[in-house]
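Asks: final_37.txt is reproduced below (compact mmCIF, C-alpha atoms).
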```
# COMPACT_ATOMS: atom_id res chain seq x y z
CA MET A 1 -27.16 30.30 7.83
CA VAL A 2 -29.80 32.28 5.94
CA ARG A 3 -32.65 33.35 8.22
CA ILE A 4 -36.06 33.36 6.50
CA ILE A 5 -39.46 34.82 7.31
CA MET A 6 -42.14 32.70 5.59
CA HIS A 7 -45.04 34.92 4.49
CA GLY A 8 -48.05 32.66 4.03
CA CYS A 9 -46.51 29.93 6.17
CA ASN A 10 -49.70 27.92 6.78
CA GLY A 11 -50.77 27.72 3.15
CA LYS A 12 -49.95 24.70 0.99
CA MET A 13 -46.75 26.17 -0.42
CA GLY A 14 -45.75 27.61 2.94
CA GLN A 15 -45.93 24.17 4.50
CA VAL A 16 -43.93 22.57 1.69
CA ILE A 17 -41.25 25.25 2.06
CA THR A 18 -41.24 24.73 5.83
CA ASP A 19 -40.49 21.03 5.35
CA ILE A 20 -37.76 21.72 2.79
CA CYS A 21 -36.07 24.23 5.08
CA LYS A 22 -36.08 21.77 8.00
CA ALA A 23 -33.97 19.42 5.87
CA ASP A 24 -31.58 22.13 4.61
CA ASP A 25 -28.77 23.11 6.99
CA GLN A 26 -28.07 26.31 5.03
CA VAL A 27 -31.37 27.95 5.92
CA GLN A 28 -33.70 28.41 8.87
CA ILE A 29 -37.23 29.77 9.01
CA VAL A 30 -37.17 32.06 12.04
CA ALA A 31 -40.76 33.34 11.81
CA GLY A 32 -43.93 32.88 9.83
CA ILE A 33 -46.80 35.16 8.83
CA ASP A 34 -50.35 33.91 8.29
CA VAL A 35 -53.89 35.05 9.04
CA VAL A 36 -54.45 31.81 10.93
CA ASP A 37 -52.03 30.44 13.54
CA ASN A 38 -53.24 26.85 13.83
CA ARG A 39 -50.10 24.78 13.26
CA ASP A 40 -47.00 23.84 15.22
CA ASN A 41 -44.38 24.92 12.70
CA GLY A 42 -41.41 25.02 15.05
CA TYR A 43 -41.14 28.81 14.71
CA PRO A 44 -43.27 31.75 15.91
CA VAL A 45 -46.21 32.71 13.69
CA PHE A 46 -47.64 36.24 13.54
CA THR A 47 -51.14 36.92 12.24
CA ASP A 48 -50.15 40.53 11.47
CA ILE A 49 -46.83 41.06 9.74
CA GLN A 50 -46.35 44.40 11.48
CA ASP A 51 -46.15 42.53 14.79
CA CYS A 52 -43.18 40.45 13.60
CA ASP A 53 -40.09 41.58 15.49
CA VAL A 54 -37.81 38.69 14.52
CA ASP A 55 -34.57 39.52 12.68
CA ALA A 56 -34.18 37.83 9.30
CA ASP A 57 -32.10 38.00 6.13
CA VAL A 58 -34.88 37.50 3.57
CA ILE A 59 -38.64 36.94 3.22
CA ILE A 60 -40.24 34.25 1.05
CA ASP A 61 -43.77 35.22 0.03
CA PHE A 62 -46.33 32.63 -1.07
CA SER A 63 -49.59 34.26 -0.05
CA ILE A 64 -52.43 36.08 -1.81
CA ALA A 65 -52.42 39.33 -3.74
CA SER A 66 -54.46 41.18 -1.11
CA ALA A 67 -51.72 40.53 1.49
CA VAL A 68 -48.87 41.87 -0.63
CA GLY A 69 -49.52 45.53 0.22
CA LYS A 70 -48.76 45.06 3.93
CA LEU A 71 -45.83 42.83 3.01
CA LEU A 72 -44.28 45.60 0.91
CA ASP A 73 -44.85 48.07 3.74
CA TYR A 74 -42.91 45.71 6.03
CA VAL A 75 -40.11 45.28 3.47
CA SER A 76 -39.81 49.06 3.29
CA ASP A 77 -39.81 49.46 7.07
CA LYS A 78 -37.30 46.68 7.77
CA CYS A 79 -35.14 47.06 4.62
CA ILE A 80 -35.24 43.30 4.01
CA PRO A 81 -35.03 41.47 0.64
CA VAL A 82 -38.09 39.52 -0.53
CA VAL A 83 -38.66 36.57 -2.86
CA LEU A 84 -42.08 37.47 -4.24
CA CYS A 85 -43.91 34.35 -5.42
CA THR A 86 -47.54 35.45 -5.12
CA THR A 87 -49.30 35.68 -8.49
CA GLY A 88 -52.24 37.76 -9.69
CA LEU A 89 -50.80 41.11 -8.62
CA SER A 90 -52.55 44.20 -9.96
CA PRO A 91 -50.78 46.63 -12.31
CA GLU A 92 -50.58 49.07 -9.39
CA GLN A 93 -48.91 46.46 -7.19
CA LEU A 94 -46.47 45.52 -9.94
CA ASN A 95 -45.57 49.17 -10.42
CA ARG A 96 -44.94 49.51 -6.70
CA VAL A 97 -42.72 46.41 -6.74
CA SER A 98 -40.75 47.87 -9.64
CA ASP A 99 -40.32 51.20 -7.85
CA MET A 100 -39.26 49.51 -4.59
CA SER A 101 -36.60 47.46 -6.35
CA LYS A 102 -34.61 50.68 -6.71
CA ASP A 103 -34.09 50.60 -2.94
CA PHE A 104 -34.47 46.92 -2.00
CA ALA A 105 -33.53 43.51 -3.42
CA ILE A 106 -36.66 41.88 -4.86
CA LEU A 107 -36.82 38.60 -6.77
CA LYS A 108 -39.89 37.85 -8.86
CA SER A 109 -40.25 35.18 -11.53
CA ALA A 110 -43.07 33.70 -13.62
CA ASN A 111 -42.07 30.23 -12.42
CA MET A 112 -39.89 29.35 -9.44
CA SER A 113 -38.82 25.92 -10.74
CA LEU A 114 -35.08 25.57 -11.27
CA GLY A 115 -35.83 23.18 -14.13
CA ILE A 116 -38.11 25.58 -16.01
CA ASN A 117 -35.62 28.40 -15.71
CA ALA A 118 -32.76 26.20 -16.93
CA ILE A 119 -34.96 25.18 -19.89
CA MET A 120 -35.50 28.84 -20.77
CA LYS A 121 -31.77 29.19 -21.32
CA LEU A 122 -31.69 26.00 -23.39
CA LEU A 123 -34.61 27.20 -25.52
CA GLN A 124 -32.80 30.35 -26.53
CA ASP A 125 -29.87 28.33 -27.84
CA ALA A 126 -32.22 25.85 -29.53
CA ALA A 127 -34.26 28.61 -31.17
CA ASN A 128 -31.14 30.11 -32.71
CA VAL A 129 -30.34 26.72 -34.26
CA PHE A 130 -33.78 25.63 -35.42
CA ALA A 131 -35.59 28.87 -36.29
CA PRO A 132 -33.18 29.88 -39.09
CA ALA A 133 -33.54 26.35 -40.49
CA GLY A 134 -37.32 26.83 -40.81
CA TYR A 135 -38.50 24.62 -37.94
CA ASP A 136 -41.99 25.33 -36.63
CA ILE A 137 -42.26 26.03 -32.89
CA GLU A 138 -45.22 25.02 -30.73
CA ILE A 139 -45.79 25.04 -26.95
CA VAL A 140 -48.29 22.74 -25.23
CA GLU A 141 -48.99 23.24 -21.53
CA LYS A 142 -51.14 21.06 -19.24
CA HIS A 143 -52.55 21.87 -15.81
CA HIS A 144 -55.22 20.72 -13.37
CA ASN A 145 -58.89 21.47 -13.95
CA LEU A 146 -59.01 24.17 -11.26
CA LYS A 147 -56.48 26.47 -12.91
CA LEU A 148 -58.15 29.71 -13.96
CA ASP A 149 -55.76 31.26 -16.47
CA ALA A 150 -54.88 29.86 -19.88
CA PRO A 151 -52.32 29.70 -21.26
CA SER A 152 -50.16 29.53 -18.16
CA GLY A 153 -47.78 32.32 -17.26
CA THR A 154 -44.96 29.81 -17.61
CA ALA A 155 -45.97 28.98 -21.19
CA ILE A 156 -45.88 32.67 -22.05
CA ALA A 157 -42.49 33.01 -20.32
CA LEU A 158 -41.12 30.13 -22.41
CA ALA A 159 -42.46 31.73 -25.58
CA ASP A 160 -40.98 35.08 -24.54
CA ALA A 161 -37.57 33.45 -23.99
CA ILE A 162 -37.66 32.06 -27.54
CA ASN A 163 -38.92 35.30 -29.03
CA GLU A 164 -36.29 37.34 -27.23
CA ALA A 165 -33.57 35.20 -28.75
CA ARG A 166 -35.12 35.76 -32.20
CA ASP A 167 -35.54 39.54 -31.97
CA ASN A 168 -39.30 39.18 -31.38
CA GLU A 169 -39.98 37.88 -34.86
CA TYR A 170 -42.76 35.47 -33.76
CA GLU A 171 -46.48 36.11 -33.37
CA TYR A 172 -48.21 34.08 -30.66
CA VAL A 173 -51.23 32.09 -31.86
CA TYR A 174 -53.63 30.67 -29.26
CA ASP A 175 -56.52 29.45 -31.43
CA ARG A 176 -56.59 28.25 -35.03
CA SER A 177 -60.28 27.25 -35.10
CA SER A 178 -61.44 30.62 -36.42
CA VAL A 179 -59.40 30.47 -39.64
CA ARG A 180 -58.81 27.92 -42.37
CA GLN A 181 -55.30 28.45 -43.63
CA GLN A 182 -51.81 27.06 -43.49
CA ARG A 183 -49.61 27.74 -40.52
CA GLY A 184 -47.56 30.89 -40.87
CA LYS A 185 -43.78 30.63 -40.74
CA LYS A 186 -43.58 33.21 -37.96
CA GLU A 187 -46.31 31.72 -35.81
CA LEU A 188 -45.53 30.37 -32.36
CA GLY A 189 -48.49 28.27 -31.30
CA ILE A 190 -49.44 27.99 -27.63
CA SER A 191 -52.02 25.41 -26.57
CA ALA A 192 -53.56 24.81 -23.13
CA VAL A 193 -54.93 21.54 -21.71
CA ARG A 194 -56.92 21.47 -18.44
CA GLY A 195 -57.79 18.25 -16.65
CA GLY A 196 -57.62 16.19 -13.51
CA THR A 197 -54.89 16.96 -11.01
CA ILE A 198 -52.00 17.68 -13.40
CA VAL A 199 -49.58 19.84 -11.42
CA GLY A 200 -47.89 21.29 -14.47
CA GLU A 201 -46.44 20.13 -17.76
CA HIS A 202 -44.82 22.24 -20.46
CA GLU A 203 -43.57 20.92 -23.78
CA VAL A 204 -41.81 22.92 -26.47
CA ILE A 205 -41.80 21.34 -29.93
CA PHE A 206 -39.40 22.19 -32.75
CA ALA A 207 -40.84 20.49 -35.85
CA GLY A 208 -38.81 20.37 -39.05
CA LEU A 209 -38.53 18.23 -42.16
CA ASP A 210 -38.75 14.60 -40.99
CA GLU A 211 -37.49 15.60 -37.55
CA VAL A 212 -39.08 16.65 -34.27
CA ILE A 213 -37.22 17.86 -31.18
CA GLU A 214 -39.15 18.09 -27.91
CA ILE A 215 -38.02 19.82 -24.72
CA LYS A 216 -40.34 18.97 -21.85
CA HIS A 217 -40.71 19.76 -18.17
CA THR A 218 -43.08 17.92 -15.84
CA ALA A 219 -43.82 18.97 -12.27
CA TYR A 220 -45.06 16.05 -10.16
CA SER A 221 -45.67 18.15 -7.04
CA LYS A 222 -45.48 21.70 -5.77
CA SER A 223 -42.11 20.85 -4.21
CA VAL A 224 -40.28 21.90 -7.38
CA PHE A 225 -41.54 25.47 -6.95
CA ALA A 226 -40.87 25.43 -3.20
CA LYS A 227 -37.30 24.23 -3.73
CA GLY A 228 -36.73 26.99 -6.25
CA ALA A 229 -38.04 29.59 -3.78
CA VAL A 230 -35.63 28.38 -1.10
CA GLU A 231 -32.68 28.53 -3.51
CA ALA A 232 -33.81 32.02 -4.52
CA ALA A 233 -33.82 33.07 -0.85
CA LYS A 234 -30.25 31.82 -0.42
CA PHE A 235 -29.24 33.80 -3.50
CA LEU A 236 -31.06 37.02 -2.57
CA ALA A 237 -29.88 37.36 1.03
CA GLY A 238 -27.35 40.17 1.19
CA LYS A 239 -27.79 41.26 -2.43
CA PRO A 240 -27.88 44.97 -3.31
CA ALA A 241 -31.08 46.69 -4.40
CA GLY A 242 -32.48 45.59 -7.74
CA MET A 243 -35.06 43.46 -9.49
CA TYR A 244 -33.89 39.85 -9.79
CA ASN A 245 -35.40 36.70 -11.29
CA MET A 246 -34.67 32.97 -11.36
CA ALA A 247 -32.31 33.39 -14.30
CA ASP A 248 -30.00 35.22 -11.88
CA VAL A 249 -30.23 32.31 -9.41
CA ILE A 250 -29.19 29.64 -11.88
CA GLY A 251 -26.47 31.87 -13.37
```
Just dump the structure as structure tokens.
Replies:
Amino acid sequence: MVRIIMHGCNGKMGQVITDICKADDQVQIVAGIDVVDNRDNGYPVFTDIQDCDVDADVIIDFSIASAVGKLLDYVSDKCIPVVLCTTGLSPEQLNRVSDMSKDFAILKSANMSLGINAIMKLLQDAANVFAPAGYDIEIVEKHHNLKLDAPSGTAIALADAINEARDNEYEYVYDRSSVRQQRGKKELGISAVRGGTIVGEHEVIFAGLDEVIEIKHTAYSKSVFAKGAVEAAKFLAGKPAGMYNMADVIG
């Protein structure tokens, strides 16, 4: 049984993860951390992480960037692995995470979905088939109208997976409205759509002569990211120090 501390337990993702863990006999949330303790989660909740005295094997973090500093202090004090899912970390925070991974097991990924990370592996194989044959590559991502960043971090991660397989031969193009010219052979176009309540959709297009291959992932709820975080926690518990990502989880 993997014992988990849920950092950000009363947020939307924290509650989804709580429900997933209740149905999974391989894990148990033994404590939660949140600034507000206003729910009956079935485990103790601490409004200050430094007050948490519950033994655990791993922490799952889905909180806010401003809370990550105290989280990392706690990780250092307790020598406990952490699945770090909070986005928007500053360069200073990211540097600290990198430095701490020399002494602690830390897992951080651009997208926690098992499906997205499996697709990244598929894309590298596909790119090595289609790119030498002259196929054009485009990525289209869609998200809800409240999302602030564009393109999504996941779209960039997909592009990076392709580019890594091709020795970084592609240039990312985000906007073609400023020029009037044919598409370059080494362009990798990335387009962003924002509207409604779309949770997340990413489509990679390989377009060749009279043939189009599409690899697509659609998230219908936040549960796909929560499930990935739980699987990551199972993987990370007991691992030696190092920086891990979801590619390590899916093998």
Asks: Near Tyr135 of chain A, counting all atoms listed in the file, which residues have an atom at most 9 Å away, once you skip same-chain residues fewer than 3 positions from it, shown as a PyMOL selection string?
Replies: chain A and resi 127+130-132+185+206-209+212
Asks: Nearest residue to Cys79 of chain A out of A:Asp48, A:Asp55, A:Glu92, A:Asp61, using all atoms listed in the file?
Replies: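 Counting all atoms listed in the file, the residue closest to Cys79 of chain A is A:Asp55.
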Asks: To one decimal in Å, tell me the separation between atom CA of Val173 of chain A and atom CA of Leu107 of chain A.
Replies: 29.7 Å
Asks: Rounded to one decimal place, report the atom CA of Val204 of chain A-atom CA of Lys216 of chain A distance in Å.
Replies: 6.3 Å
Asks: Go ahead and compute the interatomic distance for atom CA of Pro81 of chain A and atom CA of Ala105 of chain A, in Å to one decimal.
Replies: 4.8 Å
